[in-house]
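S.K.: Okay, so here is structure.csv, and as you'll see once you scroll down, it has CSV, C-alpha atoms.
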chain,number,residue,atom,x,y,z
Q,1249,ALA,CA,0.0,0.0,0.0
Q,1250,THR,CA,1.2,3.5,-0.7
Q,1251,LEU,CA,1.4,6.3,1.8
Q,1252,SER,CA,0.0,9.8,1.3
Q,1253,PRO,CA,2.5,12.4,0.2
Q,1254,MET,CA,1.8,14.4,3.3
Q,1255,LEU,CA,2.6,11.5,5.6
Q,1256,ALA,CA,5.6,10.4,3.6
Q,1257,ALA,CA,7.1,13.9,3.7
Q,1258,LEU,CA,6.9,13.8,7.5
Q,1259,MET,CA,8.3,10.3,8.0
Q,1260,PRO,CA,11.5,10.5,10.1
Q,1261,THR,CA,12.7,7.1,8.9
Q,1262,ALA,CA,11.5,4.7,6.1
Q,1263,THR,CA,9.6,1.6,7.1
Q,1264,THR,CA,8.2,-1.2,4.9
Q,1265,ALA,CA,4.8,-1.9,6.4
Q,1266,THR,CA,1.9,0.6,6.2
Q,1267,ARG,CA,1.0,0.0,9.8
Q,1268,GLY,CA,4.6,0.5,10.8
Q,1269,ARG,CA,4.7,3.8,8.9
Q,1270,TYR,CA,1.6,5.0,10.5
Q,1271,GLN,CA,2.8,4.1,14.0
Q,1272,ALA,CA,6.1,5.9,13.2
Q,1273,PHE,CA,4.2,8.9,12.0
Q,1274,VAL,CA,2.1,9.1,15.3
Q,1275,ALA,CA,5.2,8.7,17.4
Q,1276,ALA,CA,6.9,11.5,15.5
Q,1277,GLN,CA,4.0,13.9,16.1
Q,1278,TRP,CA,3.9,13.1,19.8
Q,1279,ALA,CA,7.6,13.6,20.1
Q,1280,ASP,CA,7.6,17.2,18.9
Q,1281,GLY,CA,4.0,18.1,19.8
Q,1282,TYR,CA,2.9,18.4,16.1
Q,1283,GLN,CA,5.4,21.2,15.5
Q,1284,ALA,CA,6.8,19.8,12.3
Q,1285,MET,CA,3.4,19.0,10.9
Q,1286,PHE,CA,1.8,22.4,11.7
Q,1287,THR,CA,4.9,24.3,10.4
Q,1288,ARG,CA,4.6,22.5,7.1
Q,1289,PHE,CA,0.8,22.6,7.0
Q,1290,PRO,CA,-0.4,25.7,9.0
Q,1291,VAL,CA,-4.0,25.5,7.7
Q,1292,LEU,CA,-4.2,22.0,9.2
Q,1293,ALA,CA,-3.5,23.5,12.6
Q,1294,ARG,CA,-6.4,25.9,12.2
Q,1295,LEU,CA,-8.8,23.2,11.0
Q,1296,LEU,CA,-7.8,20.8,13.9
Q,1297,SER,CA,-8.2,23.6,16.4
Q,1298,LEU,CA,-11.7,24.4,15.0
Q,1299,ALA,CA,-12.7,20.7,15.1
Q,1300,LEU,CA,-11.6,20.5,18.8
Q,1301,VAL,CA,-13.5,23.6,19.7
Q,1302,GLN,CA,-16.6,22.5,17.9
Q,1303,TRP,CA,-16.4,19.0,19.6
Q,1304,ALA,CA,-16.1,20.6,23.1
Q,1305,ASN,CA,-19.0,22.9,22.4
Q,1306,MET,CA,-21.2,20.0,21.0
Q,1307,VAL,CA,-20.5,17.8,24.1
Q,1308,ALA,CA,-21.2,20.6,26.5
Q,1309,GLU,CA,-24.5,21.4,24.7
Q,1310,PHE,CA,-25.5,17.8,24.6
Q,1311,LEU,CA,-24.9,17.3,28.3
Q,1312,ALA,CA,-26.9,20.5,29.2
Q,1313,ARG,CA,-29.8,19.4,27.0
Q,1314,ALA,CA,-29.8,15.8,28.3
Q,1315,ALA,CA,-29.9,17.1,31.9
Q,1316,HIS,CA,-32.7,19.6,31.2
Q,1317,ASP,CA,-34.9,17.1,29.3
Q,1318,ARG,CA,-34.4,14.2,31.7
Q,1319,ALA,CA,-37.9,14.2,33.1
Q,1320,ALA,CA,-39.4,14.5,29.7
Q,1321,LEU,CA,-37.1,11.7,28.4
Q,1322,ALA,CA,-38.3,9.4,31.2
Q,1323,SER,CA,-42.0,10.0,30.6
Q,1324,THR,CA,-41.7,9.7,26.8
Q,1325,PHE,CA,-39.4,6.8,26.3
Q,1326,CYS,CA,-39.6,4.7,29.5
Q,1327,PRO,CA,-42.7,5.7,31.5
Q,1328,THR,CA,-42.9,2.5,33.5
Q,1329,GLU,CA,-39.2,2.3,34.5
Q,1330,VAL,CA,-36.7,4.4,36.4
Q,1331,LEU,CA,-34.4,6.3,34.0
Q,1332,GLY,CA,-30.9,5.9,35.1
Q,1333,ALA,CA,-27.5,7.3,34.0
Q,1334,ILE,CA,-26.2,7.6,30.5
Q,1335,THR,CA,-24.1,4.5,30.0
Q,1336,ARG,CA,-22.9,4.8,26.4
Q,1337,VAL,CA,-22.9,7.4,23.6
Q,1338,ALA,CA,-22.1,6.6,20.0
Q,1339,VAL,CA,-21.2,9.7,17.9
Q,1340,THR,CA,-20.6,10.7,14.3
Q,1341,LEU,CA,-23.7,8.7,13.1
Q,1342,SER,CA,-24.5,11.4,10.6
Q,1343,ASP,CA,-22.7,14.1,8.6
Q,1344,ALA,CA,-21.6,17.0,10.7
Q,1345,HIS,CA,-23.7,20.2,10.3
Q,1346,ALA,CA,-24.2,23.5,12.1
Q,1347,GLY,CA,-20.9,23.8,13.9
Q,1348,GLY,CA,-19.8,20.2,13.8
Q,1349,ARG,CA,-23.0,18.8,15.4
Q,1350,SER,CA,-24.0,15.2,14.5
Q,1351,VAL,CA,-26.6,12.6,15.5
Q,1352,MET,CA,-25.7,10.5,18.6
Q,1353,LYS,CA,-27.0,7.2,19.9
Q,1354,VAL,CA,-27.5,7.7,23.6
Q,1355,THR,CA,-28.0,4.7,25.9
Q,1356,PHE,CA,-29.5,5.0,29.4
Q,1357,ALA,CA,-29.7,2.5,32.2
Q,1358,THR,CA,-33.3,1.8,33.1
Q,1359,GLY,CA,-34.9,0.0,36.1
Q,1360,SER,CA,-33.0,-1.1,39.1
Q,1361,GLY,CA,-31.7,-4.2,40.8
Q,1362,ALA,CA,-32.5,-7.5,39.0
Q,1363,GLY,CA,-34.8,-5.6,36.6
Q,1364,ALA,CA,-32.1,-3.3,35.3
Q,1365,ASN,CA,-32.2,-2.8,31.6
Q,1366,GLU,CA,-31.1,-0.3,28.9
Q,1367,MET,CA,-32.9,2.1,26.6
Q,1368,SER,CA,-31.5,4.0,23.6
Q,1369,VAL,CA,-32.6,7.1,21.9
Q,1370,ALA,CA,-31.3,9.1,18.9
Q,1371,TYR,CA,-30.2,12.7,19.9
Q,1372,LYS,CA,-30.7,14.9,16.9
Q,1373,PRO,CA,-29.1,18.4,17.1
Q,1374,ARG,CA,-31.4,20.0,14.5
Q,1375,PRO,CA,-35.1,21.0,14.3
Q,1376,SER,CA,-37.2,18.0,15.0
Q,1377,GLU,CA,-40.8,19.3,14.8
Q,1378,MET,CA,-41.2,18.0,11.3
Q,1379,GLU,CA,-40.4,14.4,12.4
Q,1380,ALA,CA,-42.7,14.8,15.4
Q,1381,ALA,CA,-45.5,15.9,13.1
Q,1382,PHE,CA,-44.8,12.9,10.8
Q,1383,SER,CA,-45.1,10.5,13.8
Q,1384,ASP,CA,-48.4,12.2,14.6
Q,1385,VAL,CA,-49.7,11.6,11.1
Q,1386,LEU,CA,-48.7,8.0,11.3
Q,1387,GLY,CA,-50.6,7.7,14.6
Q,1388,TRP,CA,-53.6,9.3,13.0
Q,1389,LEU,CA,-53.5,6.8,10.1
Q,1390,ASN,CA,-53.1,3.8,12.5
Q,1391,ALA,CA,-56.2,4.9,14.4
Q,1392,ARG,CA,-58.2,4.8,11.2
Q,1393,THR,CA,-56.8,1.5,9.9
Q,1394,PRO,CA,-58.6,-1.5,11.4
Q,1395,SER,CA,-56.2,-4.1,10.0
Q,1396,ALA,CA,-53.1,-4.6,12.2
Q,1397,ALA,CA,-51.2,-5.8,9.1
Q,1398,GLN,CA,-51.6,-2.4,7.6
Q,1399,GLN,CA,-50.6,-0.3,10.7
Q,1400,HIS,CA,-47.2,1.3,11.0
Q,1401,ARG,CA,-44.7,1.4,13.8
Q,1402,VAL,CA,-44.7,5.0,15.1
Q,1403,PRO,CA,-41.3,6.2,16.4
Q,1404,ARG,CA,-41.7,8.1,19.7
Q,1405,MET,CA,-40.4,11.7,19.5
Q,1406,LEU,CA,-39.6,14.4,21.9
Q,1407,CYS,CA,-38.9,17.9,20.8
Q,1408,GLY,CA,-36.2,19.5,23.1
Q,1409,SER,CA,-36.8,22.7,25.0
Q,1410,TYR,CA,-33.5,23.6,26.6
Q,1411,GLY,CA,-32.7,27.3,26.2
Q,1412,LEU,CA,-35.9,28.1,24.3
Q,1413,ALA,CA,-38.4,30.8,25.1
Q,1414,ASP,CA,-42.1,30.0,25.0
Q,1415,GLY,CA,-43.3,29.5,21.5
Q,1416,GLN,CA,-39.8,29.4,20.0
Q,1417,PRO,CA,-39.2,26.6,17.5
Q,1418,THR,CA,-37.1,23.7,18.8
Q,1419,ASP,CA,-33.6,23.2,17.4
Q,1420,TYR,CA,-33.0,19.7,18.6
Q,1421,GLY,CA,-34.9,16.6,19.6
Q,1422,TRP,CA,-34.9,12.9,20.7
Q,1423,MET,CA,-36.2,9.9,18.8
Q,1424,GLU,CA,-36.8,6.4,19.9
Q,1425,TRP,CA,-33.9,4.3,18.6
Q,1426,ILE,CA,-35.1,1.9,15.9
Q,1427,ALA,CA,-32.9,-1.1,15.7
Q,1428,ALA,CA,-32.7,-3.1,12.5
Q,1429,GLU,CA,-34.2,-6.6,12.9
Q,1430,PRO,CA,-34.6,-9.5,10.4
Q,1431,MET,CA,-38.0,-10.1,8.8
Q,1432,ALA,CA,-39.6,-13.4,9.9
Q,1433,ASP,CA,-41.0,-15.8,7.3
Q,1434,GLY,CA,-44.5,-14.8,6.3
Q,1435,GLU,CA,-44.1,-11.1,7.1
Q,1436,GLN,CA,-43.0,-10.1,3.5
Q,1437,ALA,CA,-46.5,-9.1,2.3
Q,1438,ALA,CA,-47.2,-6.9,5.3
Q,1439,TYR,CA,-43.7,-5.3,5.2
Q,1440,HIS,CA,-44.0,-4.3,1.5
Q,1441,TRP,CA,-47.6,-3.1,1.9
Q,1442,ARG,CA,-46.3,-0.8,4.7
Q,1443,LEU,CA,-43.4,0.3,2.7
Q,1444,GLY,CA,-45.6,1.3,-0.2
Q,1445,SER,CA,-47.9,3.1,2.2
Q,1446,LEU,CA,-45.0,5.0,3.7
Q,1447,MET,CA,-43.7,6.0,0.3
Q,1448,GLY,CA,-47.1,7.3,-0.8
Q,1449,LEU,CA,-47.6,9.3,2.4
Q,1450,TYR,CA,-44.1,10.7,2.2
Q,1451,ARG,CA,-44.7,11.8,-1.4
Q,1452,ALA,CA,-48.2,13.2,-0.5
Q,1453,LEU,CA,-46.6,15.4,2.2
Q,1454,GLY,CA,-44.0,16.8,-0.3
Q,1455,GLY,CA,-41.1,14.9,1.1
Q,1456,ILE,CA,-37.7,14.8,-0.6
Q,1457,ASP,CA,-34.2,13.5,0.2
Q,1458,LEU,CA,-35.4,10.0,1.1
Q,1459,HIS,CA,-32.7,7.3,0.7
Q,1460,ILE,CA,-31.6,4.1,2.3
Q,1461,GLU,CA,-29.8,5.7,5.2
Q,1462,ASN,CA,-33.0,7.3,6.3
Q,1463,ALA,CA,-35.0,4.1,6.7
Q,1464,VAL,CA,-34.6,1.0,8.9
Q,1465,GLY,CA,-36.2,-2.4,8.5
Q,1466,ALA,CA,-37.4,-3.4,11.9
Q,1467,GLY,CA,-38.9,-6.9,11.4
Q,1468,ALA,CA,-42.2,-6.5,9.6
Q,1469,TYR,CA,-42.0,-2.7,9.9
Q,1470,PRO,CA,-40.2,-0.3,7.6
Q,1471,VAL,CA,-39.5,2.8,9.6
Q,1472,LEU,CA,-38.4,6.2,8.4
Q,1473,ILE,CA,-35.9,7.7,10.8
Q,1474,ALA,CA,-35.1,11.0,9.1
Q,1475,VAL,CA,-38.0,12.9,7.6
Q,1476,GLU,CA,-37.0,16.5,8.1
Q,1477,CYS,CA,-37.4,17.3,4.4
Q,1478,LEU,CA,-41.2,17.4,4.2
Q,1479,VAL,CA,-43.5,20.0,2.6
Q,1480,HIS,CA,-40.8,20.9,0.1
Q,1481,THR,CA,-41.4,23.0,-2.9
Q,1482,SER,CA,-39.5,20.7,-5.3
Q,1483,SER,CA,-41.4,18.3,-7.5
Q,1484,GLN,CA,-38.6,15.9,-7.5
Q,1485,PRO,CA,-38.8,12.9,-5.0
Represent the structure from my file as structure tokens, please.
M.R.:
Amino acid sequence: ATLSPMLAALMPTATTATRGRYQAFVAAQWADGYQAMFTRFPVLARLLSLALVQWANMVAEFLARAAHDRAALASTFCPTEVLGAITRVAVTLSDAHAGGRSVMKVTFATGSGAGANEMSVAYKPRPSEMEAAFSDVLGWLNARTPSAAQQHRVPRMLCGSYGLADGQPTDYGWMEWIAAEPMADGEQAAYHWRLGSLMGLYRALGGIDLHIENAVGAGAYPVLIAVECLVHTSSQP
């Protein structure tokens, strides 16, 4: 394998294996505190500094929002159990936007003692009212659909309120984490009926930017997990 010209230029000694080259590169940066790299590539120093500042701000913002919304998170996503501490956070689950912010998978401990469990939600640092409205529409449709085989799974949503004045639109939210699950034999017809129904609804609501990363197959239920692009003026799907 070849090494990038930037890394090759900074190599103190030549090595044969790519892994060895990389390890030598890391050791060289630690040895002089990135001085040689940043002297040669000053713009890189600025970009890395910006990334670190954005990361620190994003983490601080997330922790403040999680603490503020704790009671609402408990009542929305685990109303019958005790919401415990955050046990895991998976980051960079989406492209970074608006100052380096990205979607996170946040896992909480729930219950206590022998009944201890876990619950995960998606933290979305962007306006979430559109997705909450879409869940409301799905719930409305389910209430008017007598056949269980034609009803949809409705992701639970919570629009965040930290730092917002009364009536101010939310700029972040929380969504029930929808895990991908295999389809059982005999569920194919119901799955594809629901998928066609979702596509028709999404199109009727003027939705765009729908692709494979915005949907999850959860057993017999296709679930749209990113539907912020509704009521769009474009005629293109």
S.K.: By how many Å are CA of Arg1442 in chain Q and CA of Ala1370 in chain Q apart?
M.R.: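 If I compute the distance from CA of Arg1442 in chain Q to CA of Ala1370 in chain Q, I get 22.9 Å.
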S.K.: Using all atoms listed in the file, find the one residue out of Q:Arg1374, Q:Arg1313, Q:Arg1267, Q:His1480 that sits nearest to Gly1454 in chain Q.
M.R.: Q:His1480
S.K.: Near range 1328-1339 of chain Q, counting all atoms listed in the file, which residues have an atom at most 6 Å away, once you skip same-chain residues fewer than 4 positions from it, shown as a ChimeraX atom specification?
M.R.: /Q:1322,1352-1359
S.K.: What does the structure give for the distance between CA of Gly1387 in chain Q and CA of Ala1413 in chain Q, in Å to one decimal?
M.R.: 28.2 Å
S.K.: Given the choices Q:Val1301, Q:Arg1404, Q:Glu1377, Q:Gln1283, which gets closest to Gln1416 in chain Q if the distance is worked out from only C-alpha atoms?
M.R.: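 Closest to Gln1416 in chain Q of all the choices is Q:Glu1377.
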S.K.: Looking at all atoms listed in the file, which of Q:Met1378, Q:Met1306, Q:Leu1406, Q:Leu1389 is the one that sits closest to Ala1319 in chain Q?
M.R.: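 That would be Q:Leu1406, the residue with the smallest distance to Ala1319 in chain Q.
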S.K.: Do a neighbour search on range 1420-1432 of chain Q at 7 Å with all atoms listed in the file, toss out local chain neighbours closer than 4 positions, and write the hits as a ChimeraX atom specification.
M.R.: /Q:1325,1368-1376,1403-1408,1464-1468
S.K.: In Å to one decimal, how far is CA of Leu1472 in chain Q from CA of Ser1323 in chain Q?
M.R.: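 Value for the CA of Ser1323 in chain Q-CA of Leu1472 in chain Q distance: 22.8 Å.
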